[in-house]
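Participant: Just entry-v1.pdb, nothing more (PDB, C-alpha atoms):
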```pdb
MODEL        1
ATOM      1  CA  MET A  42      18.445  41.339 -84.470
ATOM      2  CA  VAL A  43      19.996  44.216 -86.413
ATOM      3  CA  ILE A  44      17.911  46.731 -88.358
ATOM      4  CA  GLU A  45      18.783  49.776 -90.430
ATOM      5  CA  THR A  46      17.351  52.938 -88.850
ATOM      6  CA  LYS A  47      16.814  56.527 -89.945
ATOM      7  CA  ALA A  48      18.442  58.059 -86.863
ATOM      8  CA  PHE A  49      21.207  55.632 -85.871
ATOM      9  CA  GLY A  50      22.140  53.598 -88.946
ATOM     10  CA  LYS A  51      22.408  49.853 -88.226
ATOM     11  CA  ILE A  52      21.584  49.004 -84.625
ATOM     12  CA  GLU A  53      20.759  45.950 -82.546
ATOM     13  CA  VAL A  54      17.128  45.792 -81.473
ATOM     14  CA  SER A  55      15.236  43.480 -79.168
ATOM     15  CA  GLU A  56      12.014  41.565 -79.876
ATOM     16  CA  LYS A  57      10.609  43.328 -76.806
ATOM     17  CA  GLN A  58      10.694  46.628 -78.703
ATOM     18  CA  LYS A  59       8.785  45.244 -81.677
ATOM     19  CA  ILE A  60       5.335  46.707 -82.313
ATOM     20  CA  TYR A  61       2.740  45.286 -84.686
ATOM     21  CA  PHE A  62       0.345  47.549 -86.602
ATOM     22  CA  GLU A  63      -2.139  45.197 -88.207
ATOM     23  CA  GLN A  64      -3.616  48.038 -90.259
ATOM     24  CA  GLY A  65      -0.420  50.046 -90.640
ATOM     25  CA  ILE A  66      -0.354  53.789 -89.989
ATOM     26  CA  LEU A  67      -2.512  56.123 -92.107
ATOM     27  CA  GLY A  68      -0.642  56.783 -95.339
ATOM     28  CA  PHE A  69       1.604  53.771 -94.585
ATOM     29  CA  GLU A  70      -0.974  51.005 -94.492
ATOM     30  CA  ASP A  71       1.350  48.307 -95.819
ATOM     31  CA  ILE A  72       4.016  48.731 -93.155
ATOM     32  CA  HIS A  73       3.167  46.547 -90.188
ATOM     33  CA  PHE A  74       6.295  46.098 -88.062
ATOM     34  CA  PHE A  75       8.027  48.870 -86.133
ATOM     35  CA  TYR A  76      10.465  49.122 -83.230
ATOM     36  CA  LEU A  77      10.041  51.573 -80.372
ATOM     37  CA  LEU A  78      13.479  53.086 -79.724
ATOM     38  CA  ASP A  79      14.764  55.438 -77.051
ATOM     39  CA  PHE A  80      15.740  58.938 -78.056
ATOM     40  CA  PRO A  81      19.412  59.760 -77.509
ATOM     41  CA  GLU A  82      19.149  63.312 -76.162
ATOM     42  CA  GLY A  83      19.447  62.683 -72.418
ATOM     43  CA  ASP A  84      16.054  62.465 -70.807
ATOM     44  CA  ALA A  85      14.254  64.147 -73.698
ATOM     45  CA  PRO A  86      10.637  62.973 -73.730
ATOM     46  CA  PHE A  87      10.755  61.487 -77.243
ATOM     47  CA  PHE A  88      10.885  58.040 -78.794
ATOM     48  CA  TRP A  89      11.481  56.794 -82.327
ATOM     49  CA  LEU A  90       8.979  54.515 -83.990
ATOM     50  CA  GLN A  91      11.202  52.907 -86.593
ATOM     51  CA  SER A  92       9.965  50.671 -89.418
ATOM     52  CA  GLU A  93      11.614  47.270 -89.419
ATOM     53  CA  ASP A  94      12.039  47.102 -93.189
ATOM     54  CA  TYR A  95      12.215  50.700 -94.397
ATOM     55  CA  PRO A  96      14.995  52.751 -92.750
ATOM     56  CA  GLU A  97      13.572  56.052 -94.005
ATOM     57  CA  ILE A  98      10.151  55.365 -92.425
ATOM     58  CA  ALA A  99      10.458  56.521 -88.814
ATOM     59  CA  PHE A 100       8.251  58.685 -86.633
ATOM     60  CA  ILE A 101       9.154  60.716 -83.572
ATOM     61  CA  LEU A 102       6.746  60.086 -80.710
ATOM     62  CA  ILE A 103       5.976  61.939 -77.520
ATOM     63  CA  SER A 104       3.601  61.194 -74.680
ATOM     64  CA  PRO A 105       0.665  63.553 -75.361
ATOM     65  CA  ASP A 106       0.301  64.553 -71.717
ATOM     66  CA  VAL A 107       3.773  66.112 -71.857
ATOM     67  CA  VAL A 108       2.284  68.552 -74.395
ATOM     68  CA  VAL A 109      -1.249  68.861 -72.994
ATOM     69  CA  PRO A 110      -1.145  67.937 -69.296
ATOM     70  CA  ASP A 111      -4.823  66.983 -69.045
ATOM     71  CA  TYR A 112      -4.865  65.052 -72.340
ATOM     72  CA  LYS A 113      -7.414  62.291 -72.337
ATOM     73  CA  LEU A 114      -7.920  60.053 -75.337
ATOM     74  CA  VAL A 115     -11.512  59.170 -76.071
ATOM     75  CA  ALA A 116     -11.736  56.720 -78.958
ATOM     76  CA  ASP A 117     -14.343  54.295 -80.207
ATOM     77  CA  ALA A 118     -14.482  51.069 -78.150
ATOM     78  CA  LYS A 119     -13.963  49.160 -81.399
ATOM     79  CA  GLU A 120     -10.564  50.795 -81.788
ATOM     80  CA  TYR A 121      -9.454  49.327 -78.459
ATOM     81  CA  GLU A 122     -10.975  45.967 -79.347
ATOM     82  CA  ALA A 123      -8.923  45.945 -82.543
ATOM     83  CA  ILE A 124      -5.720  45.680 -80.479
ATOM     84  CA  ASP A 125      -7.290  43.424 -77.824
ATOM     85  CA  ILE A 126      -7.225  45.911 -74.953
ATOM     86  CA  THR A 127      -8.835  44.223 -71.955
ATOM     87  CA  ASN A 128      -7.606  46.516 -69.210
ATOM     88  CA  ASP A 129      -6.753  50.254 -69.060
ATOM     89  CA  ASN A 130      -3.284  49.374 -67.647
ATOM     90  CA  GLU A 131      -2.366  47.915 -71.020
ATOM     91  CA  ILE A 132      -2.803  51.210 -72.864
ATOM     92  CA  LEU A 133       0.220  53.252 -73.919
ATOM     93  CA  VAL A 134      -0.573  56.446 -75.852
ATOM     94  CA  PHE A 135       1.853  58.429 -78.015
ATOM     95  CA  SER A 136       1.498  61.335 -80.404
ATOM     96  CA  ILE A 137       3.499  61.759 -83.597
ATOM     97  CA  VAL A 138       5.748  64.833 -83.650
ATOM     98  CA  THR A 139       6.736  66.732 -86.786
ATOM     99  CA  ILE A 140       9.945  68.704 -86.277
ATOM    100  CA  TYR A 141      10.764  71.599 -88.581
ATOM    101  CA  ASP A 142      14.022  73.449 -89.229
ATOM    102  CA  ASN A 143      12.747  76.134 -86.890
ATOM    103  CA  PRO A 144      11.955  73.895 -83.893
ATOM    104  CA  GLU A 145       9.406  76.399 -82.614
ATOM    105  CA  ASN A 146       7.199  75.525 -85.602
ATOM    106  CA  SER A 147       7.171  71.848 -84.624
ATOM    107  CA  THR A 148       3.780  70.230 -84.204
ATOM    108  CA  VAL A 149       2.203  67.253 -82.470
ATOM    109  CA  ASN A 150      -0.661  65.152 -83.819
ATOM    110  CA  MET A 151      -3.136  65.070 -80.937
ATOM    111  CA  LEU A 152      -6.074  63.940 -83.085
ATOM    112  CA  GLY A 153      -4.597  60.678 -84.373
ATOM    113  CA  PRO A 154      -2.554  59.171 -81.534
ATOM    114  CA  ILE A 155      -0.608  55.918 -81.692
ATOM    115  CA  VAL A 156      -1.962  53.498 -79.108
ATOM    116  CA  ILE A 157       0.086  50.455 -78.108
ATOM    117  CA  ASN A 158      -1.148  47.472 -76.125
ATOM    118  CA  LYS A 159       1.749  46.904 -73.700
ATOM    119  CA  ARG A 160       0.733  43.288 -73.152
ATOM    120  CA  ASN A 161       0.713  42.002 -76.737
ATOM    121  CA  LYS A 162       2.538  44.878 -78.566
ATOM    122  CA  LYS A 163      -0.330  45.362 -80.977
ATOM    123  CA  ALA A 164      -0.771  48.976 -81.985
ATOM    124  CA  ARG A 165      -3.040  51.216 -83.964
ATOM    125  CA  GLN A 166      -3.363  54.819 -84.990
ATOM    126  CA  MET A 167      -6.653  55.796 -83.390
ATOM    127  CA  ILE A 168      -8.829  58.783 -84.106
ATOM    128  CA  SER A 169      -9.767  60.916 -81.124
ATOM    129  CA  LEU A 170     -13.514  61.424 -80.915
ATOM    130  CA  ASP A 171     -12.831  64.722 -79.156
ATOM    131  CA  ASP A 172     -12.666  67.371 -81.888
ATOM    132  CA  LYS A 173     -10.876  69.907 -79.687
ATOM    133  CA  TYR A 174      -7.590  68.176 -80.530
ATOM    134  CA  THR A 175      -5.891  68.938 -83.831
ATOM    135  CA  VAL A 176      -3.305  67.216 -86.004
ATOM    136  CA  ARG A 177      -0.963  70.210 -85.705
ATOM    137  CA  HIS A 178      -0.864  71.176 -82.053
ATOM    138  CA  PRO A 179       2.252  73.306 -81.280
ATOM    139  CA  LEU A 180       4.992  71.266 -79.587
ATOM    140  CA  ILE A 181       6.340  74.307 -77.796
ATOM    141  CA  LYS A 182       4.150  76.982 -76.297
ATOM    142  CA  LYS A 183       5.037  80.251 -77.977
ATOM    143  CA  GLY A 184       5.902  83.415 -76.065
TER     144      GLY A 184
ATOM    145  CA  MET B 810     -20.984  55.962-108.427
ATOM    146  CA  LEU B 811     -24.251  54.410-107.312
ATOM    147  CA  ILE B 812     -26.739  57.097-106.282
ATOM    148  CA  LEU B 813     -29.751  56.214-104.124
ATOM    149  CA  ALA B 814     -32.449  58.545-102.801
ATOM    150  CA  ARG B 815     -33.267  57.943 -99.120
ATOM    151  CA  LYS B 816     -35.611  59.591 -96.626
ATOM    152  CA  GLU B 817     -35.225  60.077 -92.888
ATOM    153  CA  ASN B 818     -35.116  56.763 -90.979
ATOM    154  CA  GLN B 819     -34.371  54.784 -94.110
ATOM    155  CA  SER B 820     -31.111  52.947 -94.564
ATOM    156  CA  ILE B 821     -28.764  51.265 -97.012
ATOM    157  CA  MET B 822     -26.993  47.942 -96.614
ATOM    158  CA  ILE B 823     -23.464  47.559 -97.964
ATOM    159  CA  GLY B 824     -22.819  43.860 -98.162
ATOM    160  CA  GLU B 825     -24.370  41.920 -95.276
ATOM    161  CA  ASP B 826     -22.895  43.660 -92.278
ATOM    162  CA  ILE B 827     -22.620  47.390 -93.003
ATOM    163  CA  GLU B 828     -25.720  49.510 -92.534
ATOM    164  CA  ILE B 829     -25.877  53.244 -93.282
ATOM    165  CA  SER B 830     -28.947  54.941 -91.776
ATOM    166  CA  ILE B 831     -30.251  58.445 -92.431
ATOM    167  CA  LEU B 832     -31.185  59.443 -88.882
ATOM    168  CA  ASN B 833     -32.145  63.065 -89.293
ATOM    169  CA  ILE B 834     -32.241  65.766 -91.979
ATOM    170  CA  LYS B 835     -32.287  69.452 -91.048
ATOM    171  CA  GLY B 836     -31.662  71.991 -93.806
ATOM    172  CA  ASP B 837     -28.243  71.171 -95.295
ATOM    173  CA  HIS B 838     -27.300  68.984 -92.309
ATOM    174  CA  VAL B 839     -27.691  65.199 -92.455
ATOM    175  CA  LYS B 840     -27.117  62.889 -89.469
ATOM    176  CA  ILE B 841     -25.904  59.496 -90.616
ATOM    177  CA  GLY B 842     -25.660  56.351 -88.504
ATOM    178  CA  ILE B 843     -23.132  53.697 -89.476
ATOM    179  CA  ASP B 844     -23.221  50.163 -88.193
ATOM    180  CA  ALA B 845     -20.131  48.231 -89.294
ATOM    181  CA  PRO B 846     -17.785  45.480 -88.043
ATOM    182  CA  SER B 847     -14.787  46.645 -85.986
ATOM    183  CA  ASP B 848     -12.315  45.941 -88.792
ATOM    184  CA  VAL B 849     -14.042  48.480 -91.031
ATOM    185  CA  LYS B 850     -12.602  51.949 -90.466
ATOM    186  CA  VAL B 851     -15.160  54.743 -90.563
ATOM    187  CA  TYR B 852     -13.990  58.368 -90.496
ATOM    188  CA  ARG B 853     -15.150  61.726 -91.675
ATOM    189  CA  LYS B 854     -13.125  62.019 -94.865
ATOM    190  CA  GLU B 855     -11.416  65.287 -93.921
ATOM    191  CA  VAL B 856     -10.146  63.845 -90.615
ATOM    192  CA  PHE B 857      -8.717  60.833 -92.395
ATOM    193  CA  GLU B 858      -6.984  63.062 -94.956
ATOM    194  CA  GLU B 859      -5.600  65.437 -92.324
ATOM    195  CA  ILE B 860      -4.056  62.615 -90.297
ATOM    196  CA  GLN B 861      -2.661  60.936 -93.383
ATOM    197  CA  ALA B 862      -1.089  64.226 -94.545
ATOM    198  CA  ALA B 863       0.361  64.871 -91.072
ATOM    199  CA  ASN B 864       1.890  61.366 -90.995
ATOM    200  CA  ILE B 865       3.530  61.838 -94.376
ATOM    201  CA  GLU B 866       4.876  65.236 -93.270
ATOM    202  CA  ALA B 867       6.175  63.728 -89.993
ATOM    203  CA  VAL B 868       8.231  61.088 -91.799
ATOM    204  CA  LYS B 869      10.017  63.841 -93.737
ATOM    205  CA  THR B 870      11.402  65.318 -90.490
ATOM    206  CA  ASP B 871      15.044  66.215 -91.117
ATOM    207  CA  LEU B 872      17.600  64.610 -88.795
ATOM    208  CA  ASN B 873      19.529  67.869 -88.405
ATOM    209  CA  ALA B 874      16.364  69.535 -87.133
ATOM    210  CA  VAL B 875      15.882  66.655 -84.705
ATOM    211  CA  LYS B 876      19.357  66.908 -83.169
ATOM    212  CA  ASN B 877      18.763  69.672 -80.660
ATOM    213  CA  ILE B 878      15.030  69.360 -80.171
ATOM    214  CA  GLY B 879      15.328  67.263 -77.029
ATOM    215  CA  THR B 880      17.346  69.777 -75.084
ATOM    216  CA  LEU B 881      15.430  72.718 -76.532
ATOM    217  CA  PHE B 882      12.134  71.181 -75.522
ATOM    218  CA  LYS B 883      13.431  70.516 -72.016
ATOM    219  CA  ASN B 884      14.570  74.117 -71.588
ATOM    220  CA  LYS B 885      11.240  75.491 -72.734
ATOM    221  CA  LYS B 886       9.136  73.247 -70.559
TER     222      LYS B 886
ENDMDL
END
```
What do you get writing this file as structure tokens?

Facilitator:
Amino acid sequence: MVIETKAFGKIEVSEKQKIYFEQGILGFEDIHFFYLLDFPEGDAPFFWLQSEDYPEIAFILISPDVVVPDYKLVADAKEYEAIDITNDNEILVFSIVTIYDNPENSTVNMLGPIVINKRNKKARQMISLDDKYTVRHPLIKKG
Amino acid sequence: MLILARKENQSIMIGEDIEISILNIKGDHVKIGIDAPSDVKVYRKEVFEEIQAANIEAVKTDLNAVKNIGTLFKNKK
């Protein structure tokens, strides 16, 4: 099917890329369907999470272990149950990136990662129980 | 707002399946236990607000700023 996107205008997407957030994303609780899209810049480690119905609602995602190599998400078991995780192999974790005009100020939300169940495409913004992670972790190490 | 006084080890029921227990009180520090079904989200309020604010900020990301981030990030890695 064809959807209108923030980054690419109208593009063809596949059902396989469709992700279902039963509870939405914090601040966007009423938006349930997104598509996970590849990022165009070569092998850049980003993805777009594009709303199906609202072109302007799109998040840039990165795998958190690209930013913090030993990143380990610890979340409440109920959070995993909510998206029917039965096996660790099903878990796909992303962090939302905020990019600013000065890219060096860009930040990554390590506290509230997006977790996708690869098997059934159900997803949820979880809250890390580990307080050492913040919502505004620098994307790029300074210096 | 309903205001109830509770002592240590006492609890409050919200509906039939949410229980809030006062586990421990030390000075100005209260430990609270929450027993709720998995579809009820329980967060410290400030964490919830921080994540919500970060999400709203993230959606405002300008496409021009996005354009070169991939390559820049790769170079810096």

Participant: Kindly provide the residues of chain B that approach chain A to within 6 Å, each paired with its closest atom pair and their distance in Å to one decimal, based on all atoms listed in the file, listed by chain and increasing number, as CSV.

Facilitator:
```
residue,atom,partner,partner_atom,distance
B:Ser847,CA,A:Lys119,CA,5.3
B:Gln861,CA,A:Leu67,CA,5.0
B:Ala867,CA,A:Thr139,CA,4.4
B:Val868,CA,A:Phe100,CA,5.7
B:Thr870,CA,A:Ile140,CA,5.6
B:Ala874,CA,A:Asp142,CA,5.0
B:Gly879,CA,A:Ala85,CA,4.7
```

Participant: My list of candidates is A:Phe62, A:Tyr174, A:Phe75, A:Tyr95. Which is closest to A:Val156 when distances are computed with all atoms listed in the file?

Facilitator: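 With all atoms listed in the file as the atom set, the closest residue is A:Phe62.
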
Participant: Ranking A:Met167, A:Ile72, A:Met42, A:Val54 by minimum distance to A:Ile155 and counting only C-alpha atoms, which one comes first?

Facilitator: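 Of A:Met167, A:Ile72, A:Met42, A:Val54, the one nearest A:Ile155 is A:Met167, counting only C-alpha atoms.
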
Participant: What do you get, as a count of residues only, if you spell out every residue that the PyMOL selection byres ((chain B and resi 817) around 7) selects here?

Facilitator: 8

Participant: With 6 Å of padding per side, what axis-aligned box (centre and edge lengths, Å, one decimal) covers all the listed atoms of stretch 825-844 of chain B? Give it as JSON.

Facilitator:
```
{"center_x": -27.5, "center_y": 57.0, "center_z": -91.7, "size_x": 21.7, "size_y": 42.1, "size_z": 19.1}
```

Participant: What is the distance, in Å and to one decimal place, between atom CA of B:Ala814 and atom CA of B:Gly842?

Facilitator: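 For atom CA of B:Ala814 relative to atom CA of B:Gly842, the distance reads 16.0 Å.
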
Participant: For atom CA of B:Ile827 and atom CA of A:Val115, determine how far apart the two atoms are, in Å to one decimal place.

Facilitator: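 Distance reported for this atom pair: 23.4 Å.
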
Participant: Residues near B:Ile821, anyone? I mean within 8 Å using all atoms listed in the file, not counting same-chain ones fewer than 6 positions away, as a PyMOL selection string.

Facilitator: chain B and resi 828-830

Participant: How would you write, as a list in words, the residues chosen by the PyMOL selection byres ((chain A and resi 78) around 8) on this structure?

Facilitator: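 With the PyMOL selection byres ((chain A and resi 78) around 8) on this model, the match is Gln58, Tyr76, Leu77, Asp79, Phe80, Phe88, Trp89, Leu90 and Gln91 of chain A.
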
Participant: Atom CA of A:Ile157 and atom CA of B:Asp844 are how many Å apart?

Facilitator: 25.4 Å
